>>> print(open('start_27.txt').read())   # compact mmCIF, C-alpha atoms
# COMPACT_ATOMS: atom_id res chain seq x y z
CA MET A 786 86.32 111.99 60.69
CA GLU A 787 82.95 110.23 60.79
CA PRO A 788 80.14 111.88 62.80
CA ASN A 789 79.99 109.01 65.30
CA GLN A 790 83.76 109.13 65.90
CA TYR A 791 83.56 112.87 66.43
CA ASN A 792 80.72 112.37 68.92
CA ILE A 793 82.74 109.76 70.81
CA ILE A 794 85.62 112.22 71.13
CA ARG A 795 83.26 114.97 72.30
CA ILE A 796 81.70 112.78 74.97
CA PHE A 797 85.09 111.47 76.08
CA LEU A 798 86.57 114.96 76.40
CA THR A 799 83.47 116.17 78.23
CA LEU A 800 83.57 113.35 80.79
CA PHE A 801 87.36 113.49 81.07
CA VAL A 802 87.32 117.20 81.91
CA ALA A 803 84.61 116.53 84.50
CA HIS A 804 86.86 113.83 85.97
CA ILE A 805 90.01 115.95 86.24
CA LEU A 806 88.02 118.90 87.60
CA GLY A 807 86.56 116.67 90.29
CA ASP A 808 89.79 114.85 91.12
CA PHE A 809 92.25 117.74 90.99
CA ILE A 810 90.35 121.01 91.40
CA PHE A 811 87.25 120.38 93.53
CA GLN A 812 88.77 117.73 95.79
CA THR A 813 90.03 119.51 98.91
CA LYS A 814 93.03 118.66 101.09
CA ASN A 815 90.58 117.71 103.82
CA ASP A 816 88.89 115.25 101.44
CA ILE A 817 92.24 113.65 100.63
CA LYS A 818 93.14 113.49 104.32
CA ASN A 819 89.84 111.77 105.18
CA LYS A 820 89.64 109.61 102.06
CA LYS A 821 89.30 106.43 104.14
CA LYS A 822 85.92 107.60 105.42
CA PHE A 823 83.04 106.33 103.30
CA TYR A 824 81.19 109.65 103.57
CA THR A 825 84.18 111.45 102.04
CA LEU A 826 84.37 108.93 99.19
CA LEU A 827 80.62 109.25 98.59
CA LYS A 828 80.84 113.04 98.59
CA HIS A 829 83.74 112.99 96.13
CA ALA A 830 81.99 110.53 93.79
CA SER A 831 78.82 112.64 93.93
CA ILE A 832 80.79 115.72 92.88
CA ILE A 833 82.28 113.76 89.97
CA GLY A 834 78.79 112.66 88.92
CA LEU A 835 77.38 116.19 89.19
CA LEU A 836 80.25 117.63 87.15
CA SER A 837 79.71 114.92 84.52
CA LEU A 838 76.04 115.86 84.30
CA ILE A 839 76.86 119.57 83.99
CA MET A 840 79.53 118.97 81.35
CA MET A 841 77.20 116.72 79.35
CA GLY A 842 74.69 119.57 79.43
CA SER A 843 71.50 117.54 79.66
CA LEU A 844 69.41 116.07 82.47
CA LYS A 845 68.79 113.10 80.19
CA ALA A 846 72.45 112.18 80.72
CA TRP A 847 71.79 111.25 84.38
CA PRO A 848 72.38 107.50 83.78
CA ILE A 849 75.85 108.37 82.44
CA ALA A 850 76.60 110.64 85.40
CA LEU A 851 75.37 107.98 87.83
CA THR A 852 77.52 105.30 86.17
CA ILE A 853 80.58 107.56 86.32
CA ALA A 854 79.92 108.34 90.01
CA LEU A 855 79.41 104.68 90.99
CA THR A 856 82.48 103.40 89.13
CA HIS A 857 84.55 106.24 90.59
CA LEU A 858 83.33 105.35 94.09
CA ILE A 859 84.19 101.66 93.61
CA ILE A 860 87.67 102.38 92.22
CA ASP A 861 88.49 104.87 94.97
CA PHE A 862 87.28 102.40 97.61
CA LEU A 863 89.38 99.56 96.20
CA LYS A 864 92.53 101.67 95.93
CA LEU A 865 92.51 102.45 99.67
CA ARG A 866 94.60 99.32 100.20
CA CYS A 867 97.14 100.35 97.57
CA ILE A 868 100.45 102.02 98.32
CA ASN A 869 100.46 105.75 97.60
CA THR A 870 103.09 105.71 94.84
CA ALA A 871 103.38 107.21 91.36
CA LYS A 872 102.82 103.78 89.81
CA PHE A 873 99.49 103.21 91.55
CA PHE A 874 98.43 106.81 91.01
CA ILE A 875 98.96 106.49 87.24
CA LEU A 876 97.26 103.06 87.22
CA ASP A 877 94.27 104.51 89.08
CA GLN A 878 93.92 107.36 86.59
CA CYS A 879 94.30 104.98 83.63
CA ILE A 880 91.43 102.83 84.93
CA HIS A 881 89.21 105.91 85.22
CA VAL A 882 90.14 106.95 81.67
CA ILE A 883 89.42 103.47 80.28
CA ILE A 884 85.97 103.46 81.91
CA ILE A 885 85.24 106.92 80.50
CA GLY A 886 86.34 105.67 77.06
CA ILE A 887 84.08 102.61 77.23
CA ILE A 888 81.09 104.71 78.31
CA SER A 889 81.77 107.23 75.53
CA VAL A 890 81.66 104.50 72.89
CA PHE A 891 78.45 102.94 74.22
CA VAL A 892 76.45 106.17 74.54
CA SER A 893 77.75 107.97 71.44
CA LYS A 894 74.61 107.12 69.41
CA TYR A 895 72.29 108.64 71.99
CA CYS A 896 74.10 111.67 73.44
CA LEU A 897 73.98 114.17 70.61
CA TRP A 898 75.22 117.76 70.73
CA ASP A 899 71.72 119.00 69.89
CA ASN A 900 70.48 117.64 73.23
CA SER A 901 73.02 119.62 75.28
CA PHE A 902 72.32 123.09 76.68
CA TRP A 903 75.91 123.94 75.71
CA ASN A 904 74.60 123.88 72.14
CA TYR A 905 72.74 127.14 72.86
CA LEU A 906 75.76 128.83 74.44
CA ILE A 907 78.75 127.95 72.29
CA ASN A 908 79.75 126.37 68.98
CA GLU A 909 80.56 122.67 69.34
CA HIS A 910 83.97 123.01 67.66
CA ILE A 911 85.00 125.88 69.95
CA PHE A 912 83.66 123.97 72.96
CA LEU A 913 85.92 121.00 72.20
CA LYS A 914 88.96 123.23 71.73
CA LEU A 915 88.25 124.89 75.09
CA LEU A 916 88.05 121.46 76.71
CA ILE A 917 91.45 120.57 75.26
CA ILE A 918 92.99 123.77 76.64
CA ILE A 919 91.41 123.17 80.07
CA THR A 920 92.76 119.62 79.99
CA GLY A 921 96.26 120.84 79.10
CA VAL A 922 96.29 123.42 81.89
CA ILE A 923 95.05 121.07 84.63
CA ILE A 924 97.26 118.13 83.64
CA ASN A 925 100.34 120.33 83.23
CA THR A 926 99.84 121.83 86.68
CA ARG A 927 98.02 119.68 89.22
CA VAL A 928 98.35 116.21 87.67
CA CYS A 929 102.01 116.46 86.63
CA GLY A 930 102.81 118.13 89.95
CA ILE A 931 101.42 115.15 91.87
CA ILE A 932 103.21 112.60 89.67
CA ILE A 933 106.54 114.42 89.93
CA SER A 934 106.24 114.76 93.72
CA LYS A 935 105.60 111.02 94.01
CA LEU A 936 108.43 110.12 91.63
CA THR A 937 110.94 112.29 93.50
CA LYS A 938 109.76 111.44 97.02
CA GLU A 939 112.34 108.69 97.48
CA PHE A 940 115.13 111.12 96.52
CA LEU A 941 113.83 113.78 98.90
CA GLU A 942 113.89 111.24 101.73
CA GLN A 943 117.59 110.62 101.07
CA ILE A 944 118.42 114.24 101.86
CA HIS A 945 119.68 114.65 105.43
CA PRO A 946 116.90 116.02 107.70
CA SER A 947 118.95 119.05 108.72
CA GLN A 948 119.65 119.92 105.10
CA GLU A 949 115.98 119.48 104.20
CA ALA A 950 114.96 121.77 107.04
CA SER A 951 117.50 124.32 105.84
CA ASN A 952 116.01 124.16 102.35
CA ASN A 953 112.52 124.77 103.74
CA LYS A 954 113.81 127.66 105.79
CA ASN A 955 115.62 129.36 102.93
CA GLY A 956 113.05 128.69 100.23
CA LEU A 957 109.52 129.98 99.83
CA LYS A 958 106.71 127.76 101.02
CA LYS A 959 105.41 125.84 97.97
CA GLY A 960 107.88 127.84 95.86
CA GLY A 961 109.14 124.77 94.02
CA LYS A 962 105.60 123.62 93.24
CA ILE A 963 104.59 127.02 91.84
CA ILE A 964 107.79 127.22 89.76
CA GLY A 965 106.93 123.81 88.30
CA TYR A 966 103.38 124.92 87.50
CA LEU A 967 104.59 128.08 85.78
CA GLU A 968 107.32 126.42 83.72
CA ARG A 969 104.95 123.74 82.41
CA LEU A 970 102.31 126.37 81.62
CA LEU A 971 104.94 128.37 79.73
CA ILE A 972 105.88 125.23 77.79
CA LEU A 973 102.19 124.81 76.89
CA ILE A 974 101.97 128.44 75.75
CA PHE A 975 105.19 128.25 73.71
CA ILE A 976 104.04 125.09 71.92
CA PHE A 977 100.55 126.44 71.17
CA ALA A 978 102.15 129.66 69.90
CA ASN A 979 104.50 127.62 67.64
CA GLN A 980 107.52 129.02 69.49
CA PRO A 981 109.33 125.89 70.78
CA PHE A 982 112.61 127.82 70.90
CA GLY A 983 111.18 129.67 73.88
CA ILE A 984 111.43 126.42 75.85
CA GLY A 985 115.20 126.49 75.40
CA PHE A 986 115.38 129.99 76.88
CA LEU A 987 113.13 128.84 79.73
CA ILE A 988 115.45 125.94 80.56
CA ALA A 989 118.52 128.18 80.31
CA ALA A 990 116.98 130.83 82.56
CA LYS A 991 116.01 128.28 85.21
CA SER A 992 119.47 126.69 85.07
CA ILE A 993 121.12 130.06 85.69
CA LEU A 994 118.80 130.86 88.59
CA ARG A 995 119.30 127.40 90.11
CA PHE A 996 123.09 127.50 89.67
CA GLY A 997 123.57 129.12 93.06
CA GLU A 998 121.83 126.17 94.73
CA ILE A 999 123.75 123.40 92.99
CA LYS A 1000 127.28 124.79 92.60
CA ASP A 1001 128.30 123.75 96.12
CA SER A 1002 129.71 120.20 95.92
CA SER A 1003 128.69 119.56 99.54
CA ASN A 1004 125.05 119.83 98.47
CA ARG A 1005 125.26 117.12 95.83
CA LYS A 1006 122.07 115.35 96.93
CA GLU A 1007 120.07 118.57 96.71
CA ALA A 1008 121.63 119.33 93.34
CA GLU A 1009 120.70 115.92 91.92
CA TYR A 1010 117.21 116.19 93.43
CA ILE A 1011 116.67 119.59 91.75
CA ILE A 1012 117.99 118.34 88.39
CA ILE A 1013 115.83 115.18 88.46
CA GLY A 1014 112.72 117.18 89.35
CA SER A 1015 113.43 119.73 86.63
CA PHE A 1016 113.92 117.10 83.92
CA TYR A 1017 110.73 115.31 84.97
CA SER A 1018 108.93 118.65 84.73
CA TYR A 1019 110.29 119.38 81.24
CA LEU A 1020 109.52 115.83 80.05
CA PHE A 1021 105.90 115.79 81.24
CA GLY A 1022 105.36 119.38 80.15
CA LEU A 1023 106.50 118.61 76.61
CA ILE A 1024 104.52 115.36 76.31
CA VAL A 1025 101.27 116.88 77.60
CA SER A 1026 101.64 120.11 75.63
CA TYR A 1027 102.42 118.46 72.29
CA THR A 1028 99.58 115.97 72.78
CA CYS A 1029 97.11 118.80 73.48
CA LYS A 1030 98.42 120.79 70.52
CA TYR A 1031 97.94 117.78 68.23
CA LEU A 1032 94.35 117.29 69.43
CA PHE A 1033 93.65 121.03 69.22
CA VAL A 1034 94.76 121.17 65.57
CA ASN A 1035 93.18 117.91 64.40
CA ILE A 1036 89.88 117.92 66.30
>>> encode(input="start_27.txt", output="structure tokens")
Amino acid sequence: MEPNQYNIIRIFLTLFVAHILGDFIFQTKNDIKNKKKFYTLLKHASIIGLLSLIMMGSLKAWPIALTIALTHLIIDFLKLRCINTAKFFILDQCIHVIIIGIISVFVSKYCLWDNSFWNYLINEHIFLKLLIIITGVIINTRVCGIIISKLTKEFLEQIHPSQEASNNKNGLKKGGKIIGYLERLLILIFIFANQPFGIGFLIAAKSILRFGEIKDSSNRKEAEYIIIGSFYSYLFGLIVSYTCKYLFVNI
């Protein structure tokens, strides 16, 4: 890999991690609830810009951080009119990623590792591998969780209200979400540890534990909802984990 290509990848990963940290870790429920207020959008974009500056590791990178913040603000403002579906969520994230990619290419000749304060704290190669792991963890938990919830929302709405209330009463609050997080994290660990067979045991174990919920034919809608959600979780977990493993090995 040529030095310039390697630098492009480093800058892209750096800005991408700043983006997912800002969008999925540091953005509060209150921010999401009040996203139509300009102050909230400005605050969120400022956090994205600050995280970009920190991840770049140099005050000289302020034009990059400012560009990221402004483009993020514009995109988030424009998407207020969009329907809150999985399709628009993925499209929104793809636009952010494309902008980060374009910026990474344009600034790759100027933003060198030697100019970053991270250079004095950690080896560049290790730094990139850590970024890949952070990316895998956040996408496998928060990002995939949001996508799956949006994809399965229409199925959840088909469940009779009384049955849905019964499910909420009998199940732990946010139990399904946490189970999804854990199973996708385990998939990531199994793949990084070169133990893909562990995924089979994970699926089998979950199927056995879920059997009590889906064996009743009168609860067919709930059964299908659980199965669809589980397969989405396995699918996204495998795609994200294998992609991160490939980058981790070949970076």
>>> closest_residue(input="start_27.txt", among="A:Ile993, A:Leu913, A:Lys821, A:Arg969", to="Cys867 in chain A", atoms="only C-alpha atoms")
A:Lys821
>>> closest_residue(input="start_27.txt", among="A:Ala1008, A:Ile849, A:Ile984, A:Ile974", to="Tyr895 in chain A", atoms="only C-alpha atoms")
A:Ile849
>>> atom_distance(input="start_27.txt", atom1="CA of Gly834 in chain A", atom2="CA of Ala854 in chain A")
4.6 Å
>>> closest_atom_pairs(input="start_27.txt", of="range 831-930 of chain A", to="range 798-808 of chain A", cutoff="10 Å", atoms="only C-alpha atoms", output="CSV")
residue,atom,partner,partner_atom,distance
A:Ser831,CA,A:Gly807,CA,9.5
A:Ile832,CA,A:Gly807,CA,6.4
A:Ile833,CA,A:Gly807,CA,5.2
A:Gly834,CA,A:Ala803,CA,8.3
A:Leu835,CA,A:Ala803,CA,8.6
A:Leu836,CA,A:Ala803,CA,5.2
A:Ser837,CA,A:Ala803,CA,5.2
A:Leu838,CA,A:Ala803,CA,8.6
A:Ile839,CA,A:Ala803,CA,8.3
A:Met840,CA,A:Thr799,CA,5.8
A:Met841,CA,A:Thr799,CA,6.4
A:Gly842,CA,A:Thr799,CA,9.5
A:Ile849,CA,A:Leu800,CA,9.3
A:Ala850,CA,A:Leu800,CA,8.8
A:Ile853,CA,A:Leu800,CA,8.5
A:Ala854,CA,A:His804,CA,9.7
A:His857,CA,A:His804,CA,9.2
A:Gln878,CA,A:Ile805,CA,9.4
A:His881,CA,A:His804,CA,8.3
A:Val882,CA,A:Phe801,CA,7.1
A:Ile885,CA,A:Leu800,CA,6.6
A:Gly886,CA,A:Phe801,CA,8.8
A:Ile888,CA,A:Leu800,CA,9.3
A:Ser889,CA,A:Leu800,CA,8.3
A:Phe912,CA,A:Thr799,CA,9.4
A:Leu913,CA,A:Leu798,CA,7.4
A:Lys914,CA,A:Leu798,CA,9.8
A:Leu916,CA,A:Leu798,CA,6.7
A:Ile917,CA,A:Leu798,CA,7.5
A:Ile919,CA,A:Val802,CA,7.5
A:Thr920,CA,A:Val802,CA,6.3
A:Ile923,CA,A:Ile805,CA,7.4
A:Ile924,CA,A:Ile805,CA,8.0
A:Arg927,CA,A:Ile805,CA,9.3
A:Val928,CA,A:Ile805,CA,8.5
>>> write_last_selection(input="start_27.txt", atoms="C-alpha atoms", output="compact mmCIF listing (two decimals), in the frame of the given file")
# COMPACT_ATOMS: atom_id res chain seq x y z
CA SER A 831 78.82 112.64 93.93
CA ILE A 832 80.79 115.72 92.88
CA ILE A 833 82.28 113.76 89.97
CA GLY A 834 78.79 112.66 88.92
CA LEU A 835 77.38 116.19 89.19
CA LEU A 836 80.25 117.63 87.15
CA SER A 837 79.71 114.92 84.52
CA LEU A 838 76.04 115.86 84.30
CA ILE A 839 76.86 119.57 83.99
CA MET A 840 79.53 118.97 81.35
CA MET A 841 77.20 116.72 79.35
CA GLY A 842 74.69 119.57 79.43
CA ILE A 849 75.85 108.37 82.44
CA ALA A 850 76.60 110.64 85.40
CA ILE A 853 80.58 107.56 86.32
CA ALA A 854 79.92 108.34 90.01
CA HIS A 857 84.55 106.24 90.59
CA GLN A 878 93.92 107.36 86.59
CA HIS A 881 89.21 105.91 85.22
CA VAL A 882 90.14 106.95 81.67
CA ILE A 885 85.24 106.92 80.50
CA GLY A 886 86.34 105.67 77.06
CA ILE A 888 81.09 104.71 78.31
CA SER A 889 81.77 107.23 75.53
CA PHE A 912 83.66 123.97 72.96
CA LEU A 913 85.92 121.00 72.20
CA LYS A 914 88.96 123.23 71.73
CA LEU A 916 88.05 121.46 76.71
CA ILE A 917 91.45 120.57 75.26
CA ILE A 919 91.41 123.17 80.07
CA THR A 920 92.76 119.62 79.99
CA ILE A 923 95.05 121.07 84.63
CA ILE A 924 97.26 118.13 83.64
CA ARG A 927 98.02 119.68 89.22
CA VAL A 928 98.35 116.21 87.67
>>> axis_aligned_box(input="start_27.txt", around="range 912-915 of chain A", padding_each_side="3 Å", output="lines of an AutoDock Vina configuration file")
center_x = 86.3
center_y = 122.9
center_z = 73.4
size_x = 11.3
size_y = 9.9
size_z = 9.4
>>> residues_around(input="start_27.txt", residues="Phe862 in chain A", least_positions_apart="6", cutoff="10 Å", atoms="only C-alpha atoms", output="PyMOL selection string")
chain A and resi 820-823+826-827+856
>>> write_last_selection(input="start_27.txt", atoms="C-alpha atoms", output="mmCIF file, in the frame of the given file")
data_model
loop_
_atom_site.group_PDB
_atom_site.id
_atom_site.type_symbol
_atom_site.label_atom_id
_atom_site.label_comp_id
_atom_site.auth_asym_id
_atom_site.auth_seq_id
_atom_site.Cartn_x
_atom_site.Cartn_y
_atom_site.Cartn_z
ATOM 1 C CA LYS A 820 89.640 109.610 102.060
ATOM 2 C CA LYS A 821 89.300 106.430 104.140
ATOM 3 C CA LYS A 822 85.920 107.600 105.420
ATOM 4 C CA PHE A 823 83.040 106.330 103.300
ATOM 5 C CA LEU A 826 84.370 108.930 99.190
ATOM 6 C CA LEU A 827 80.620 109.250 98.590
ATOM 7 C CA THR A 856 82.480 103.400 89.130
#
>>> closest_residue(input="start_27.txt", among="A:Ile859, A:Phe982, A:Leu970, A:Ile931", to="Ile918 in chain A", atoms="only C-alpha atoms")
A:Leu970
>>> residues_around(input="start_27.txt", residues="Lys935 in chain A", least_positions_apart="4", cutoff="12 Å", atoms="only C-alpha atoms", output="PyMOL selection string")
chain A and resi 868-875+928-931+939-942+1014+1017
>>> closest_residue(input="start_27.txt", among="A:Tyr791, A:Phe1016, A:Phe797, A:Phe977", to="Phe1033 in chain A", atoms="all atoms listed in the file")
A:Phe977
>>> closest_residue(input="start_27.txt", among="A:Leu876, A:Ile1012, A:Leu897, A:Ala846", to="Ile794 in chain A", atoms="only C-alpha atoms")
A:Leu897
>>> closest_residue(input="start_27.txt", among="A:Leu855, A:Leu967, A:Leu906, A:Ala989", to="Thr926 in chain A", atoms="only C-alpha atoms")
A:Leu967
>>> atom_distance(input="start_27.txt", atom1="CA of Glu1009 in chain A", atom2="CA of Lys991 in chain A")
14.8 Å
>>> atom_distance(input="start_27.txt", atom1="CA of Phe902 in chain A", atom2="CA of Pro848 in chain A")
17.1 Å
